[in-house]
>>> print(open('work14.pdb').read())   # PDB, C-alpha atoms
ATOM      1  CA  MET A   1       0.000   0.000   0.000  1.00  0.00           C
ATOM      2  CA  PRO A   2       1.583   3.299  -1.022  1.00  0.00           C
ATOM      3  CA  VAL A   3       2.269   5.772   1.773  1.00  0.00           C
ATOM      4  CA  THR A   4       2.839   9.492   1.217  1.00  0.00           C
ATOM      5  CA  GLU A   5       4.316  11.791   3.829  1.00  0.00           C
ATOM      6  CA  VAL A   6       3.121  15.397   3.816  1.00  0.00           C
ATOM      7  CA  ALA A   7       4.351  18.534   5.495  1.00  0.00           C
ATOM      8  CA  ALA A   8       3.127  19.429   8.965  1.00  0.00           C
ATOM      9  CA  GLY A   9      -0.219  21.238   8.793  1.00  0.00           C
ATOM     10  CA  SER A  10      -1.135  19.989   5.338  1.00  0.00           C
ATOM     11  CA  LEU A  11      -3.885  17.651   6.508  1.00  0.00           C
ATOM     12  CA  ARG A  12      -5.603  20.470   8.329  1.00  0.00           C
ATOM     13  CA  LYS A  13      -6.081  22.239   4.998  1.00  0.00           C
ATOM     14  CA  VAL A  14      -7.892  19.374   3.287  1.00  0.00           C
ATOM     15  CA  LEU A  15      -9.869  17.778   6.138  1.00  0.00           C
ATOM     16  CA  ASP A  16     -12.892  19.141   8.004  1.00  0.00           C
ATOM     17  CA  LEU A  17     -11.286  18.674  11.444  1.00  0.00           C
ATOM     18  CA  ALA A  18      -9.522  21.430  13.322  1.00  0.00           C
ATOM     19  CA  THR A  19      -7.084  18.929  14.849  1.00  0.00           C
ATOM     20  CA  PRO A  20      -6.908  15.896  12.526  1.00  0.00           C
ATOM     21  CA  GLN A  21      -5.024  12.755  13.403  1.00  0.00           C
ATOM     22  CA  SER A  22      -1.635  12.268  11.829  1.00  0.00           C
ATOM     23  CA  VAL A  23      -2.714   9.409   9.530  1.00  0.00           C
ATOM     24  CA  VAL A  24      -5.383   9.582   6.819  1.00  0.00           C
ATOM     25  CA  ALA A  25      -6.400   6.720   4.532  1.00  0.00           C
ATOM     26  CA  VAL A  26      -8.084   6.714   1.138  1.00  0.00           C
ATOM     27  CA  ALA A  27     -10.306   3.655   0.753  1.00  0.00           C
ATOM     28  CA  GLU A  28     -12.720   2.332  -1.840  1.00  0.00           C
ATOM     29  CA  GLN A  29     -16.357   2.739  -0.875  1.00  0.00           C
ATOM     30  CA  ARG A  30     -18.061  -0.574  -0.210  1.00  0.00           C
ATOM     31  CA  ARG A  31     -21.572  -0.258  -1.615  1.00  0.00           C
ATOM     32  CA  GLY A  32     -24.225  -2.939  -1.303  1.00  0.00           C
ATOM     33  CA  ASP A  33     -27.540  -3.457  -3.047  1.00  0.00           C
ATOM     34  CA  LEU A  34     -30.750  -4.238  -1.226  1.00  0.00           C
ATOM     35  CA  ALA A  35     -31.472  -7.501  -3.034  1.00  0.00           C
ATOM     36  CA  SER A  36     -28.111  -9.089  -2.167  1.00  0.00           C
ATOM     37  CA  VAL A  37     -28.204  -7.827   1.429  1.00  0.00           C
ATOM     38  CA  LEU A  38     -31.695  -9.252   1.929  1.00  0.00           C
ATOM     39  CA  GLY A  39     -30.651 -12.527   0.346  1.00  0.00           C
ATOM     40  CA  ASP A  40     -27.755 -12.810   2.780  1.00  0.00           C
ATOM     41  CA  ALA A  41     -30.033 -11.883   5.693  1.00  0.00           C
ATOM     42  CA  ARG A  42     -32.513 -14.603   4.789  1.00  0.00           C
ATOM     43  CA  GLY A  43     -29.783 -17.175   4.230  1.00  0.00           C
ATOM     44  CA  ARG A  44     -28.048 -16.536   7.563  1.00  0.00           C
ATOM     45  CA  GLY A  45     -31.075 -15.585   9.627  1.00  0.00           C
ATOM     46  CA  ARG A  46     -29.808 -12.079  10.373  1.00  0.00           C
ATOM     47  CA  PRO A  47     -31.599  -8.706  10.489  1.00  0.00           C
ATOM     48  CA  VAL A  48     -31.101  -5.730   8.202  1.00  0.00           C
ATOM     49  CA  LEU A  49     -31.091  -2.302   9.827  1.00  0.00           C
ATOM     50  CA  ALA A  50     -33.076   0.207   7.731  1.00  0.00           C
ATOM     51  CA  LEU A  51     -32.505   3.920   8.339  1.00  0.00           C
ATOM     52  CA  VAL A  52     -35.618   5.725   7.136  1.00  0.00           C
ATOM     53  CA  GLY A  53     -34.970   9.446   6.810  1.00  0.00           C
ATOM     54  CA  ILE A  54     -32.176   9.547   9.403  1.00  0.00           C
ATOM     55  CA  GLN A  55     -30.542  12.932   8.842  1.00  0.00           C
ATOM     56  CA  ASP A  56     -28.066  13.319  11.695  1.00  0.00           C
ATOM     57  CA  PRO A  57     -24.659  12.006  10.513  1.00  0.00           C
ATOM     58  CA  GLY A  58     -23.603  11.089  14.041  1.00  0.00           C
ATOM     59  CA  ASN A  59     -26.702   8.953  14.576  1.00  0.00           C
ATOM     60  CA  ALA A  60     -26.394   7.389  11.123  1.00  0.00           C
ATOM     61  CA  GLY A  61     -22.742   6.493  11.604  1.00  0.00           C
ATOM     62  CA  THR A  62     -23.401   5.093  15.053  1.00  0.00           C
ATOM     63  CA  LEU A  63     -26.179   2.899  13.652  1.00  0.00           C
ATOM     64  CA  VAL A  64     -23.832   1.472  11.003  1.00  0.00           C
ATOM     65  CA  ARG A  65     -21.391   0.705  13.812  1.00  0.00           C
ATOM     66  CA  VAL A  66     -24.212  -0.893  15.815  1.00  0.00           C
ATOM     67  CA  ALA A  67     -25.249  -2.980  12.809  1.00  0.00           C
ATOM     68  CA  GLU A  68     -21.805  -4.539  12.543  1.00  0.00           C
ATOM     69  CA  ALA A  69     -21.447  -5.045  16.286  1.00  0.00           C
ATOM     70  CA  SER A  70     -24.859  -6.688  16.656  1.00  0.00           C
ATOM     71  CA  GLY A  71     -24.400  -8.989  13.661  1.00  0.00           C
ATOM     72  CA  CYS A  72     -26.754  -7.432  11.107  1.00  0.00           C
ATOM     73  CA  ALA A  73     -26.441  -8.519   7.491  1.00  0.00           C
ATOM     74  CA  GLY A  74     -26.301  -4.912   6.312  1.00  0.00           C
ATOM     75  CA  VAL A  75     -27.715  -1.402   6.515  1.00  0.00           C
ATOM     76  CA  ALA A  76     -30.195   0.283   4.177  1.00  0.00           C
ATOM     77  CA  PHE A  77     -30.372   4.086   3.867  1.00  0.00           C
ATOM     78  CA  THR A  78     -33.614   5.350   2.335  1.00  0.00           C
ATOM     79  CA  GLU A  79     -33.979   8.408   0.165  1.00  0.00           C
ATOM     80  CA  GLY A  80     -33.879  11.542   2.290  1.00  0.00           C
ATOM     81  CA  SER A  81     -31.372  10.090   4.738  1.00  0.00           C
ATOM     82  CA  VAL A  82     -27.949  11.598   5.298  1.00  0.00           C
ATOM     83  CA  ASP A  83     -25.142  10.521   2.970  1.00  0.00           C
ATOM     84  CA  PRO A  84     -23.433   7.578   4.756  1.00  0.00           C
ATOM     85  CA  TRP A  85     -20.142   8.880   3.332  1.00  0.00           C
ATOM     86  CA  ASN A  86     -20.561  12.229   5.088  1.00  0.00           C
ATOM     87  CA  PRO A  87     -17.238  12.743   6.943  1.00  0.00           C
ATOM     88  CA  LYS A  88     -18.898  12.891  10.360  1.00  0.00           C
ATOM     89  CA  ALA A  89     -20.937   9.776   9.612  1.00  0.00           C
ATOM     90  CA  VAL A  90     -17.831   7.924   8.421  1.00  0.00           C
ATOM     91  CA  ARG A  91     -15.980   8.753  11.642  1.00  0.00           C
ATOM     92  CA  ALA A  92     -18.970   7.658  13.744  1.00  0.00           C
ATOM     93  CA  THR A  93     -18.944   4.220  12.076  1.00  0.00           C
ATOM     94  CA  ALA A  94     -15.453   3.532  13.480  1.00  0.00           C
ATOM     95  CA  GLY A  95     -14.567   1.670  10.284  1.00  0.00           C
ATOM     96  CA  ALA A  96     -17.748  -0.416  10.098  1.00  0.00           C
ATOM     97  CA  LEU A  97     -18.727   1.373   6.869  1.00  0.00           C
ATOM     98  CA  LEU A  98     -15.851  -0.433   5.112  1.00  0.00           C
ATOM     99  CA  ARG A  99     -16.794  -3.863   6.460  1.00  0.00           C
ATOM    100  CA  ILE A 100     -20.588  -4.169   6.356  1.00  0.00           C
ATOM    101  CA  PRO A 101     -22.713  -3.782   3.190  1.00  0.00           C
ATOM    102  CA  VAL A 102     -24.517  -0.433   3.057  1.00  0.00           C
ATOM    103  CA  CYS A 103     -27.314   0.289   0.542  1.00  0.00           C
ATOM    104  CA  GLU A 104     -28.094   3.886  -0.388  1.00  0.00           C
ATOM    105  CA  GLY A 105     -31.120   5.571  -1.923  1.00  0.00           C
ATOM    106  CA  VAL A 106     -33.607   2.832  -1.040  1.00  0.00           C
ATOM    107  CA  VAL A 107     -37.138   3.935  -1.934  1.00  0.00           C
ATOM    108  CA  PRO A 108     -39.637   3.504   0.929  1.00  0.00           C
ATOM    109  CA  ALA A 109     -41.918   1.649  -1.490  1.00  0.00           C
ATOM    110  CA  GLU A 110     -39.259  -1.087  -1.657  1.00  0.00           C
ATOM    111  CA  LEU A 111     -39.592  -1.583   2.091  1.00  0.00           C
ATOM    112  CA  ILE A 112     -43.377  -1.725   1.818  1.00  0.00           C
ATOM    113  CA  GLU A 113     -43.090  -4.357  -0.914  1.00  0.00           C
ATOM    114  CA  LEU A 114     -41.037  -6.525   1.445  1.00  0.00           C
ATOM    115  CA  ALA A 115     -44.000  -6.747   3.794  1.00  0.00           C
ATOM    116  CA  VAL A 116     -46.216  -7.771   0.870  1.00  0.00           C
ATOM    117  CA  GLN A 117     -43.730 -10.532   0.031  1.00  0.00           C
ATOM    118  CA  GLY A 118     -43.879 -11.862   3.580  1.00  0.00           C
ATOM    119  CA  ASP A 119     -40.635 -10.497   5.029  1.00  0.00           C
ATOM    120  CA  THR A 120     -40.695  -9.498   8.682  1.00  0.00           C
ATOM    121  CA  LEU A 121     -40.792  -5.716   9.116  1.00  0.00           C
ATOM    122  CA  VAL A 122     -40.336  -4.364  12.635  1.00  0.00           C
ATOM    123  CA  ALA A 123     -40.920  -0.641  13.146  1.00  0.00           C
ATOM    124  CA  MET A 124     -39.453   1.361  16.024  1.00  0.00           C
ATOM    125  CA  VAL A 125     -42.062   3.750  17.461  1.00  0.00           C
ATOM    126  CA  ALA A 126     -41.840   6.157  20.372  1.00  0.00           C
ATOM    127  CA  ARG A 127     -44.837   4.714  22.170  1.00  0.00           C
ATOM    128  CA  GLY A 128     -47.649   2.212  21.779  1.00  0.00           C
ATOM    129  CA  GLY A 129     -45.548  -0.699  20.529  1.00  0.00           C
ATOM    130  CA  VAL A 130     -44.764  -3.976  22.245  1.00  0.00           C
ATOM    131  CA  ASN A 131     -41.537  -4.554  24.164  1.00  0.00           C
ATOM    132  CA  PRO A 132     -38.651  -5.752  21.931  1.00  0.00           C
ATOM    133  CA  GLU A 133     -38.194  -8.956  23.933  1.00  0.00           C
ATOM    134  CA  GLU A 134     -41.793  -9.923  23.133  1.00  0.00           C
ATOM    135  CA  VAL A 135     -41.078 -10.023  19.382  1.00  0.00           C
ATOM    136  CA  ASP A 136     -39.328 -12.847  17.543  1.00  0.00           C
ATOM    137  CA  LEU A 137     -36.161 -11.165  16.281  1.00  0.00           C
ATOM    138  CA  GLY A 138     -33.990 -14.265  16.146  1.00  0.00           C
ATOM    139  CA  GLY A 139     -34.082 -14.640  12.373  1.00  0.00           C
ATOM    140  CA  ALA A 140     -34.191 -12.511   9.242  1.00  0.00           C
ATOM    141  CA  ALA A 141     -36.037  -9.231   9.727  1.00  0.00           C
ATOM    142  CA  VAL A 142     -35.914  -5.621   8.575  1.00  0.00           C
ATOM    143  CA  LEU A 143     -35.582  -3.291  11.558  1.00  0.00           C
ATOM    144  CA  LEU A 144     -36.989   0.145  10.683  1.00  0.00           C
ATOM    145  CA  VAL A 145     -35.629   3.209  12.499  1.00  0.00           C
ATOM    146  CA  GLY A 146     -37.264   6.519  11.576  1.00  0.00           C
ATOM    147  CA  SER A 147     -35.999  10.074  11.500  1.00  0.00           C
ATOM    148  CA  GLU A 148     -35.149  11.919  14.674  1.00  0.00           C
ATOM    149  CA  ALA A 149     -37.770  14.616  14.142  1.00  0.00           C
ATOM    150  CA  HIS A 150     -40.639  12.897  12.324  1.00  0.00           C
ATOM    151  CA  GLY A 151     -40.327   9.166  12.912  1.00  0.00           C
ATOM    152  CA  LEU A 152     -41.365   6.791  10.150  1.00  0.00           C
ATOM    153  CA  PRO A 153     -43.415   7.921   7.129  1.00  0.00           C
ATOM    154  CA  ASP A 154     -47.069   6.954   7.460  1.00  0.00           C
ATOM    155  CA  GLU A 155     -46.975   4.482   4.575  1.00  0.00           C
ATOM    156  CA  VAL A 156     -43.951   2.644   6.021  1.00  0.00           C
ATOM    157  CA  PHE A 157     -45.409   2.704   9.526  1.00  0.00           C
ATOM    158  CA  GLU A 158     -48.668   1.185   8.313  1.00  0.00           C
ATOM    159  CA  ALA A 159     -46.902  -1.482   6.239  1.00  0.00           C
ATOM    160  CA  ALA A 160     -44.950  -2.846   9.221  1.00  0.00           C
ATOM    161  CA  PRO A 161     -47.134  -5.403  11.019  1.00  0.00           C
ATOM    162  CA  THR A 162     -44.987  -5.259  14.147  1.00  0.00           C
ATOM    163  CA  LYS A 163     -44.301  -2.094  16.139  1.00  0.00           C
ATOM    164  CA  VAL A 164     -41.925  -2.041  19.082  1.00  0.00           C
ATOM    165  CA  SER A 165     -41.236   0.623  21.693  1.00  0.00           C
ATOM    166  CA  ILE A 166     -38.492   0.810  24.301  1.00  0.00           C
ATOM    167  CA  PRO A 167     -40.077   0.703  27.774  1.00  0.00           C
ATOM    168  CA  MET A 168     -38.898   3.748  29.711  1.00  0.00           C
ATOM    169  CA  GLU A 169     -39.316   5.285  33.123  1.00  0.00           C
ATOM    170  CA  GLY A 170     -39.288   8.974  33.958  1.00  0.00           C
ATOM    171  CA  HIS A 171     -40.742  11.742  31.818  1.00  0.00           C
ATOM    172  CA  LEU A 172     -38.736  11.358  28.598  1.00  0.00           C
ATOM    173  CA  GLU A 173     -40.680  11.471  25.365  1.00  0.00           C
ATOM    174  CA  SER A 174     -38.281   9.207  23.470  1.00  0.00           C
ATOM    175  CA  LEU A 175     -34.697   8.060  23.009  1.00  0.00           C
ATOM    176  CA  ASN A 176     -32.621   9.194  20.074  1.00  0.00           C
ATOM    177  CA  ALA A 177     -32.491   7.112  16.908  1.00  0.00           C
ATOM    178  CA  ALA A 178     -29.044   5.642  17.540  1.00  0.00           C
ATOM    179  CA  VAL A 179     -29.886   4.431  21.047  1.00  0.00           C
ATOM    180  CA  SER A 180     -33.224   2.972  19.971  1.00  0.00           C
ATOM    181  CA  GLY A 181     -31.683   1.164  17.019  1.00  0.00           C
ATOM    182  CA  ALA A 182     -28.884  -0.175  19.204  1.00  0.00           C
ATOM    183  CA  LEU A 183     -31.299  -1.607  21.751  1.00  0.00           C
ATOM    184  CA  LEU A 184     -33.290  -3.331  19.013  1.00  0.00           C
ATOM    185  CA  GLY A 185     -30.204  -4.649  17.215  1.00  0.00           C
ATOM    186  CA  PHE A 186     -28.702  -6.133  20.348  1.00  0.00           C
ATOM    187  CA  GLU A 187     -32.034  -7.629  21.417  1.00  0.00           C
ATOM    188  CA  ALA A 188     -31.992  -9.497  18.089  1.00  0.00           C
ATOM    189  CA  ALA A 189     -28.425 -10.617  18.825  1.00  0.00           C
ATOM    190  CA  ARG A 190     -29.435 -11.820  22.293  1.00  0.00           C
ATOM    191  CA  GLN A 191     -32.269 -13.877  20.865  1.00  0.00           C
ATOM    192  CA  ARG A 192     -29.911 -15.534  18.368  1.00  0.00           C
ATOM    193  CA  ARG A 193     -27.490 -16.412  21.158  1.00  0.00           C
ATOM    194  CA  ASP A 194     -30.264 -17.848  23.327  1.00  0.00           C
ATOM    195  CA  ALA A 195     -31.460 -19.997  20.429  1.00  0.00           C
ATOM    196  CA  LYS A 196     -28.096 -21.747  20.010  1.00  0.00           C
ATOM    197  CA  PRO A 197     -27.422 -25.082  21.738  1.00  0.00           C
ATOM    198  CA  VAL A 198     -25.074 -24.620  24.700  1.00  0.00           C
ATOM    199  CA  ASP A 199     -22.206 -26.972  25.525  1.00  0.00           C
ATOM    200  CA  LEU A 200     -22.672 -27.155  29.305  1.00  0.00           C
ATOM    201  CA  LEU A 201     -19.219 -28.654  29.890  1.00  0.00           C
ATOM    202  CA  ARG A 202     -17.437 -25.773  28.194  1.00  0.00           C
ATOM    203  CA  GLY A 203     -19.990 -23.026  28.774  1.00  0.00           C
ATOM    204  CA  HIS A 204     -20.167 -21.782  25.202  1.00  0.00           C
ATOM    205  CA  PRO A 205     -22.488 -22.337  22.241  1.00  0.00           C
ATOM    206  CA  GLY A 206     -22.031 -25.618  20.448  1.00  0.00           C
ATOM    207  CA  PRO A 207     -21.277 -25.886  16.728  1.00  0.00           C
ATOM    208  CA  GLU A 208     -23.944 -24.603  14.408  1.00  0.00           C
ATOM    209  CA  CYS A 209     -25.635 -27.112  12.118  1.00  0.00           C
TER     210      CYS A 209
END
>>> encode(input="work14.pdb", output="structure tokens")
Amino acid sequence: MPVTEVAAGSLRKVLDLATPQSVVAVAEQRRGDLASVLGDARGRGRPVLALVGIQDPGNAGTLVRVAEASGCAGVAFTEGSVDPWNPKAVRATAGALLRIPVCEGVVPAELIELAVQGDTLVAMVARGGVNPEEVDLGGAAVLLVGSEAHGLPDEVFEAAPTKVSIPMEGHLESLNAAVSGALLGFEAARQRRDAKPVDLLRGHPGPEC
């Protein structure tokens, strides 16, 4: 891999950070397509995290990071969402953007069609939904996280047969999109772990069939 040394202060002129780190990499964007990501999700029994109108780059990047950490098959950004390659979003992914398939420009109608085809759509809502642990998230599913300000579009909300809400105490109206998506993603991961046979002698999951 070629390495180029530059004069002190040069990176500050080309990057959007006031105090950039001393190493910068140029990498090829890894772009996925919805059909292949869904195919992988169905084959491996993993969820896909769908960001519907998420506009904050920090939240979007964190959700890509969450998707990798919780074992999602990929991430789908709908039209109207922030560019996943926004510099702030890229930094928030902590490198996950280069390792997990990310689809861009997904039309909400494509998500609605998935419900018609029988795929499991699970919508995050601020209130009125069931607790995440009461929903079967152990297999392939599309986890829908709406925008910070407006939530999910009405047509997507209505298409999702399952709505989940994070049970909360206190007087908060809601959690932010990144936290809500993280809780749902890791609940799906917990259910997958609990479904695996456990080797009681060694205390870890046995081999998968």
>>> closest_residue(input="work14.pdb", among="A:Pro167, A:Gly80, A:Gly53, A:Gly181", to="Gly128 in chain A", atoms="all atoms listed in the file")
A:Pro167
>>> atom_distance(input="work14.pdb", atom1="CA of Leu152 in chain A", atom2="CA of Val52 in chain A")
6.6 Å
>>> residues_near_point(input="work14.pdb", point="(-39.3, 1.5, 12.7)", cutoff="10 Å", atoms="all atoms listed in the file", output="PyMOL selection string")
chain A and resi 49-52+121-126+142-147+151-153+156-157+160+162-165+177+180-181+184
>>> write_last_selection(input="work14.pdb", atoms="C-alpha atoms", output="tab-separated table (two decimals), in the frame of the given file")
chain	number	residue	atom	x	y	z
A	49	LEU	CA	-31.09	-2.30	9.83
A	50	ALA	CA	-33.08	0.21	7.73
A	51	LEU	CA	-32.51	3.92	8.34
A	52	VAL	CA	-35.62	5.72	7.14
A	121	LEU	CA	-40.79	-5.72	9.12
A	122	VAL	CA	-40.34	-4.36	12.64
A	123	ALA	CA	-40.92	-0.64	13.15
A	124	MET	CA	-39.45	1.36	16.02
A	125	VAL	CA	-42.06	3.75	17.46
A	126	ALA	CA	-41.84	6.16	20.37
A	142	VAL	CA	-35.91	-5.62	8.57
A	143	LEU	CA	-35.58	-3.29	11.56
A	144	LEU	CA	-36.99	0.14	10.68
A	145	VAL	CA	-35.63	3.21	12.50
A	146	GLY	CA	-37.26	6.52	11.58
A	147	SER	CA	-36.00	10.07	11.50
A	151	GLY	CA	-40.33	9.17	12.91
A	152	LEU	CA	-41.36	6.79	10.15
A	153	PRO	CA	-43.42	7.92	7.13
A	156	VAL	CA	-43.95	2.64	6.02
A	157	PHE	CA	-45.41	2.70	9.53
A	160	ALA	CA	-44.95	-2.85	9.22
A	162	THR	CA	-44.99	-5.26	14.15
A	163	LYS	CA	-44.30	-2.09	16.14
A	164	VAL	CA	-41.92	-2.04	19.08
A	165	SER	CA	-41.24	0.62	21.69
A	177	ALA	CA	-32.49	7.11	16.91
A	180	SER	CA	-33.22	2.97	19.97
A	181	GLY	CA	-31.68	1.16	17.02
A	184	LEU	CA	-33.29	-3.33	19.01
>>> closest_residue(input="work14.pdb", among="A:Ala94, A:Ile112, A:Leu11, A:Val23", to="Leu63 in chain A", atoms="only C-alpha atoms")
A:Ala94
>>> closest_residue(input="work14.pdb", among="A:Glu148, A:Glu187, A:Asp40, A:Asp194", to="Leu175 in chain A", atoms="all atoms listed in the file")
A:Glu148
>>> atom_distance(input="work14.pdb", atom1="CA of Val107 in chain A", atom2="CA of Ile54 in chain A")
13.6 Å
>>> resolve_selection(input="work14.pdb", expression="the PyMOL selection byres ((chain A and resi 33) around 10)", output="ChimeraX atom specification")
/A:31-32,34-38,74-76,101-106
>>> atom_distance(input="work14.pdb", atom1="CA of Ser70 in chain A", atom2="CA of Gly185 in chain A")
5.7 Å
>>> decode(input="work14.pdb", residues="range 24-80 of chain A", atoms="C-alpha atoms", output="PDB file, in the first residue's frame")
ATOM      1  CA  VAL A  24      -5.383   9.582   6.819  1.00  0.00           C
ATOM      2  CA  ALA A  25      -6.400   6.720   4.532  1.00  0.00           C
ATOM      3  CA  VAL A  26      -8.084   6.714   1.138  1.00  0.00           C
ATOM      4  CA  ALA A  27     -10.306   3.655   0.753  1.00  0.00           C
ATOM      5  CA  GLU A  28     -12.720   2.332  -1.840  1.00  0.00           C
ATOM      6  CA  GLN A  29     -16.357   2.739  -0.875  1.00  0.00           C
ATOM      7  CA  ARG A  30     -18.061  -0.574  -0.210  1.00  0.00           C
ATOM      8  CA  ARG A  31     -21.572  -0.258  -1.615  1.00  0.00           C
ATOM      9  CA  GLY A  32     -24.225  -2.939  -1.303  1.00  0.00           C
ATOM     10  CA  ASP A  33     -27.540  -3.457  -3.047  1.00  0.00           C
ATOM     11  CA  LEU A  34     -30.750  -4.238  -1.226  1.00  0.00           C
ATOM     12  CA  ALA A  35     -31.472  -7.501  -3.034  1.00  0.00           C
ATOM     13  CA  SER A  36     -28.111  -9.089  -2.167  1.00  0.00           C
ATOM     14  CA  VAL A  37     -28.204  -7.827   1.429  1.00  0.00           C
ATOM     15  CA  LEU A  38     -31.695  -9.252   1.929  1.00  0.00           C
ATOM     16  CA  GLY A  39     -30.651 -12.527   0.346  1.00  0.00           C
ATOM     17  CA  ASP A  40     -27.755 -12.810   2.780  1.00  0.00           C
ATOM     18  CA  ALA A  41     -30.033 -11.883   5.693  1.00  0.00           C
ATOM     19  CA  ARG A  42     -32.513 -14.603   4.789  1.00  0.00           C
ATOM     20  CA  GLY A  43     -29.783 -17.175   4.230  1.00  0.00           C
ATOM     21  CA  ARG A  44     -28.048 -16.536   7.563  1.00  0.00           C
ATOM     22  CA  GLY A  45     -31.075 -15.585   9.627  1.00  0.00           C
ATOM     23  CA  ARG A  46     -29.808 -12.079  10.373  1.00  0.00           C
ATOM     24  CA  PRO A  47     -31.599  -8.706  10.489  1.00  0.00           C
ATOM     25  CA  VAL A  48     -31.101  -5.730   8.202  1.00  0.00           C
ATOM     26  CA  LEU A  49     -31.091  -2.302   9.827  1.00  0.00           C
ATOM     27  CA  ALA A  50     -33.076   0.207   7.731  1.00  0.00           C
ATOM     28  CA  LEU A  51     -32.505   3.920   8.339  1.00  0.00           C
ATOM     29  CA  VAL A  52     -35.618   5.725   7.136  1.00  0.00           C
ATOM     30  CA  GLY A  53     -34.970   9.446   6.810  1.00  0.00           C
ATOM     31  CA  ILE A  54     -32.176   9.547   9.403  1.00  0.00           C
ATOM     32  CA  GLN A  55     -30.542  12.932   8.842  1.00  0.00           C
ATOM     33  CA  ASP A  56     -28.066  13.319  11.695  1.00  0.00           C
ATOM     34  CA  PRO A  57     -24.659  12.006  10.513  1.00  0.00           C
ATOM     35  CA  GLY A  58     -23.603  11.089  14.041  1.00  0.00           C
ATOM     36  CA  ASN A  59     -26.702   8.953  14.576  1.00  0.00           C
ATOM     37  CA  ALA A  60     -26.394   7.389  11.123  1.00  0.00           C
ATOM     38  CA  GLY A  61     -22.742   6.493  11.604  1.00  0.00           C
ATOM     39  CA  THR A  62     -23.401   5.093  15.053  1.00  0.00           C
ATOM     40  CA  LEU A  63     -26.179   2.899  13.652  1.00  0.00           C
ATOM     41  CA  VAL A  64     -23.832   1.472  11.003  1.00  0.00           C
ATOM     42  CA  ARG A  65     -21.391   0.705  13.812  1.00  0.00           C
ATOM     43  CA  VAL A  66     -24.212  -0.893  15.815  1.00  0.00           C
ATOM     44  CA  ALA A  67     -25.249  -2.980  12.809  1.00  0.00           C
ATOM     45  CA  GLU A  68     -21.805  -4.539  12.543  1.00  0.00           C
ATOM     46  CA  ALA A  69     -21.447  -5.045  16.286  1.00  0.00           C
ATOM     47  CA  SER A  70     -24.859  -6.688  16.656  1.00  0.00           C
ATOM     48  CA  GLY A  71     -24.400  -8.989  13.661  1.00  0.00           C
ATOM     49  CA  CYS A  72     -26.754  -7.432  11.107  1.00  0.00           C
ATOM     50  CA  ALA A  73     -26.441  -8.519   7.491  1.00  0.00           C
ATOM     51  CA  GLY A  74     -26.301  -4.912   6.312  1.00  0.00           C
ATOM     52  CA  VAL A  75     -27.715  -1.402   6.515  1.00  0.00           C
ATOM     53  CA  ALA A  76     -30.195   0.283   4.177  1.00  0.00           C
ATOM     54  CA  PHE A  77     -30.372   4.086   3.867  1.00  0.00           C
ATOM     55  CA  THR A  78     -33.614   5.350   2.335  1.00  0.00           C
ATOM     56  CA  GLU A  79     -33.979   8.408   0.165  1.00  0.00           C
ATOM     57  CA  GLY A  80     -33.879  11.542   2.290  1.00  0.00           C
TER      58      GLY A  80
END
